[in-house]
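**Student:** Pasting in a structure now, in structure tokens, and then I'll have a few things to ask.
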Amino acid sequence: MKILLQQIITGISIGSIYALIASGYALVYSLLDFSNWAHGEVCMLGAYVCFMATQVDAIPFWLACVIGIGGAAVISFLNERVAYRRIRNNGSPNMFLMIAAMGLSTTYQNLANVIWKSKFKQLPKLFKVGTINISGIFIGKTDMLCLVLSAIALVILLFLINKTKFGLHVRAVACSSRTAGLLGIKIDRVIAMVFLLAGALAGLAGITYGMKYNIYPTMGNVGLKAFIASVIGGLGSVPGAIAGALLLGLIETVVSGYISSGLRDLISFCLLIVILLVRPSGLFGVDVQEKA
């Protein structure tokens, strides 16, 4: 039983990282009805920005993390401002947005390979690698830190979406951008702010992922897991994305611990196929008009 509890806590920790990225997918999809395939690479670039900041002796690690999160937010904002907004203003189909996102994803991966090479990078350790013993249940210190940071960020996100004027504008645009515009809501500003927020969450995900594992040019592929989580929860639903991410993290950890780590990805994609066949709108029942 204790081993199972340890697996569950580890799964929730991994799922919380997925949730940071998946919530960004959900936010963007709720407004623009397209899957931002470059979002995983924003996560990767945020981790690298943090790593570069740690190489400056005068910058403490906490400030390097802030710089990494800010860097990811700016990159996400520029993606929207330079690429996606122009496509939207041209009246092009949403498919063009997805193609542009794929192009950005490939560009960022190759750019990271050129600048930082394929060698793995490590973020500084805040403490010695070890575990915390809670009534005989051993929890990794890094897992606990990732879980706490992710939980704080997700609580803040839900508060912003549900309890603030900004969140009201986001929900209005998600419901009907035309009606929101007629009511005086600045659509482009709301979309830009959402990309900033999604980028910041992706940056935090990249840093926590880098603290738990390593940083490398293709680490943005973790965004694919986050996308699966978003589909499981329901595309466009932030609570659904969080729930789907935690569920996916739990399933992957239990499969790795009790069956085989080699089957982890297979089970994840099988779960995606089952969800699409049985409940295409996801567990939270979001009405999806376009399938990604």
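Just remember, in the structure tokens the first chain shown is A, the second B, etc., residues are 1-based per chain, and ligands are 1-based in the order shown.
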I'd like the contact shell of A:Leu248 - 9 Å cut-off, only C-alpha atoms, skipping same-chain residues fewer than 5 positions apart - returned as a list in words.
**Tutor:**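 Close residues of A:Leu248: Gly11, Ile12, Ile14, Gly15, Tyr18, Lys225, Ala226, Ile228, Ala229, Ile232, Ala243, Thr253, Ser268 and Leu271 of chain A.
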**Student:** When DSSP works through the backbone of this structure, what residues of stretch 99-244 of chain A end up as strand (DSSP E), shown as a list in words?
**Tutor:**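 Matching residues for strand (DSSP E) in stretch 99-244 of chain A are Thr131, Ile132, Asn133, Ile134, Ile137, Phe138, Ile139 and Gly140 of chain A.
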**Student:** Measure the distance from atom CA of A:Thr208 to atom CA of A:Leu32 in Å and round it to one decimal.
**Tutor:**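 According to the coordinates, atom CA of A:Thr208 and atom CA of A:Leu32 are separated by 27.7 Å.
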**Student:** Sorted by chain and rising residue number, list the residues of stretch 200-284 of chain A at most 12 Å from stretch 108-125 of chain A (counting only C-alpha atoms), each with its closest atom pair and distance in Å to one decimal, as a Markdown table.
**Tutor:**
```
| residue | atom | partner | partner_atom | distance |
| --- | --- | --- | --- | --- |
| A:Gly206 | CA | A:Leu123 | CA | 10.9 |
| A:Ile207 | CA | A:Leu123 | CA | 8.1 |
| A:Thr208 | CA | A:Leu123 | CA | 9.5 |
| A:Tyr209 | CA | A:Leu123 | CA | 9.9 |
| A:Gly210 | CA | A:Leu123 | CA | 6.4 |
| A:Met211 | CA | A:Leu123 | CA | 5.8 |
| A:Lys212 | CA | A:Leu123 | CA | 9.1 |
| A:Tyr213 | CA | A:Gln122 | CA | 7.9 |
| A:Asn214 | CA | A:Gln122 | CA | 5.3 |
| A:Ile215 | CA | A:Lys121 | CA | 4.9 |
| A:Tyr216 | CA | A:Phe120 | CA | 5.1 |
| A:Pro217 | CA | A:Ala112 | CA | 5.4 |
| A:Thr218 | CA | A:Gln109 | CA | 6.3 |
| A:Met219 | CA | A:Gln109 | CA | 9.0 |
| A:Gly220 | CA | A:Gln109 | CA | 8.0 |
| A:Asn221 | CA | A:Gln109 | CA | 9.8 |
```
**Student:** Mind dumping the selected residues with N, CA and C atoms as a PDB file, in the first residue's frame?
**Tutor:**
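Output file out.pdb is given in full below:
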```
ATOM      1  N   GLY A 206       8.559  24.088 -17.857  1.00  0.00           N
ATOM      2  CA  GLY A 206       9.883  23.742 -18.360  1.00  0.00           C
ATOM      3  C   GLY A 206      10.931  23.738 -17.261  1.00  0.00           C
ATOM      4  N   ILE A 207      10.846  24.702 -16.355  1.00  0.00           N
ATOM      5  CA  ILE A 207      11.813  24.782 -15.263  1.00  0.00           C
ATOM      6  C   ILE A 207      11.639  23.622 -14.286  1.00  0.00           C
ATOM      7  N   THR A 208      10.388  23.339 -13.900  1.00  0.00           N
ATOM      8  CA  THR A 208      10.162  22.219 -12.978  1.00  0.00           C
ATOM      9  C   THR A 208      10.534  20.883 -13.628  1.00  0.00           C
ATOM     10  N   TYR A 209      10.241  20.756 -14.924  1.00  0.00           N
ATOM     11  CA  TYR A 209      10.625  19.540 -15.643  1.00  0.00           C
ATOM     12  C   TYR A 209      12.144  19.422 -15.701  1.00  0.00           C
ATOM     13  N   GLY A 210      12.816  20.553 -15.943  1.00  0.00           N
ATOM     14  CA  GLY A 210      14.279  20.554 -15.978  1.00  0.00           C
ATOM     15  C   GLY A 210      14.889  20.251 -14.622  1.00  0.00           C
ATOM     16  N   MET A 211      14.248  20.692 -13.549  1.00  0.00           N
ATOM     17  CA  MET A 211      14.733  20.372 -12.207  1.00  0.00           C
ATOM     18  C   MET A 211      14.570  18.885 -11.904  1.00  0.00           C
ATOM     19  N   LYS A 212      13.498  18.317 -12.389  1.00  0.00           N
ATOM     20  CA  LYS A 212      13.214  16.898 -12.121  1.00  0.00           C
ATOM     21  C   LYS A 212      14.053  15.983 -13.012  1.00  0.00           C
ATOM     22  N   TYR A 213      14.245  16.387 -14.279  1.00  0.00           N
ATOM     23  CA  TYR A 213      15.007  15.571 -15.213  1.00  0.00           C
ATOM     24  C   TYR A 213      16.194  16.380 -15.739  1.00  0.00           C
ATOM     25  N   ASN A 214      16.195  16.670 -17.031  1.00  0.00           N
ATOM     26  CA  ASN A 214      17.241  17.472 -17.660  1.00  0.00           C
ATOM     27  C   ASN A 214      16.607  18.397 -18.691  1.00  0.00           C
ATOM     28  N   ILE A 215      17.438  19.268 -19.251  1.00  0.00           N
ATOM     29  CA  ILE A 215      16.992  20.165 -20.316  1.00  0.00           C
ATOM     30  C   ILE A 215      17.683  19.737 -21.604  1.00  0.00           C
ATOM     31  N   TYR A 216      16.912  19.611 -22.680  1.00  0.00           N
ATOM     32  CA  TYR A 216      17.456  19.196 -23.970  1.00  0.00           C
ATOM     33  C   TYR A 216      16.533  19.725 -25.068  1.00  0.00           C
ATOM     34  N   PRO A 217      17.035  19.851 -26.308  1.00  0.00           N
ATOM     35  CA  PRO A 217      16.264  20.512 -27.368  1.00  0.00           C
ATOM     36  C   PRO A 217      14.909  19.902 -27.679  1.00  0.00           C
ATOM     37  N   THR A 218      14.753  18.599 -27.476  1.00  0.00           N
ATOM     38  CA  THR A 218      13.478  17.955 -27.815  1.00  0.00           C
ATOM     39  C   THR A 218      12.571  17.775 -26.598  1.00  0.00           C
ATOM     40  N   MET A 219      12.901  18.423 -25.494  1.00  0.00           N
ATOM     41  CA  MET A 219      12.062  18.257 -24.306  1.00  0.00           C
ATOM     42  C   MET A 219      10.671  18.865 -24.509  1.00  0.00           C
ATOM     43  N   GLY A 220      10.526  19.695 -25.534  1.00  0.00           N
ATOM     44  CA  GLY A 220       9.225  20.267 -25.844  1.00  0.00           C
ATOM     45  C   GLY A 220       8.208  19.209 -26.249  1.00  0.00           C
ATOM     46  N   ASN A 221       8.686  17.986 -26.542  1.00  0.00           N
ATOM     47  CA  ASN A 221       7.761  16.900 -26.882  1.00  0.00           C
ATOM     48  C   ASN A 221       6.854  16.530 -25.719  1.00  0.00           C
TER      49      ASN A 221
END
```
**Student:** Could you check how far atom CA of A:Gly249 sits from atom CA of A:Gly203, in Å to one decimal?
**Tutor:**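 That distance, rounded to one decimal, is 19.1 Å.
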**Student:** Between A:Asn89, A:Ile69, A:Cys175, A:Glu80, single out the one closest to A:Met193, counting only C-alpha atoms.
**Tutor:**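 Under the stated criterion, the closest residue is A:Glu80.
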**Student:** Pick out the closest residue to A:Gly244 from this set: A:Ala83, A:Leu196, A:Ala26, A:Leu145. Count only C-alpha atoms.
**Tutor:** A:Ala26
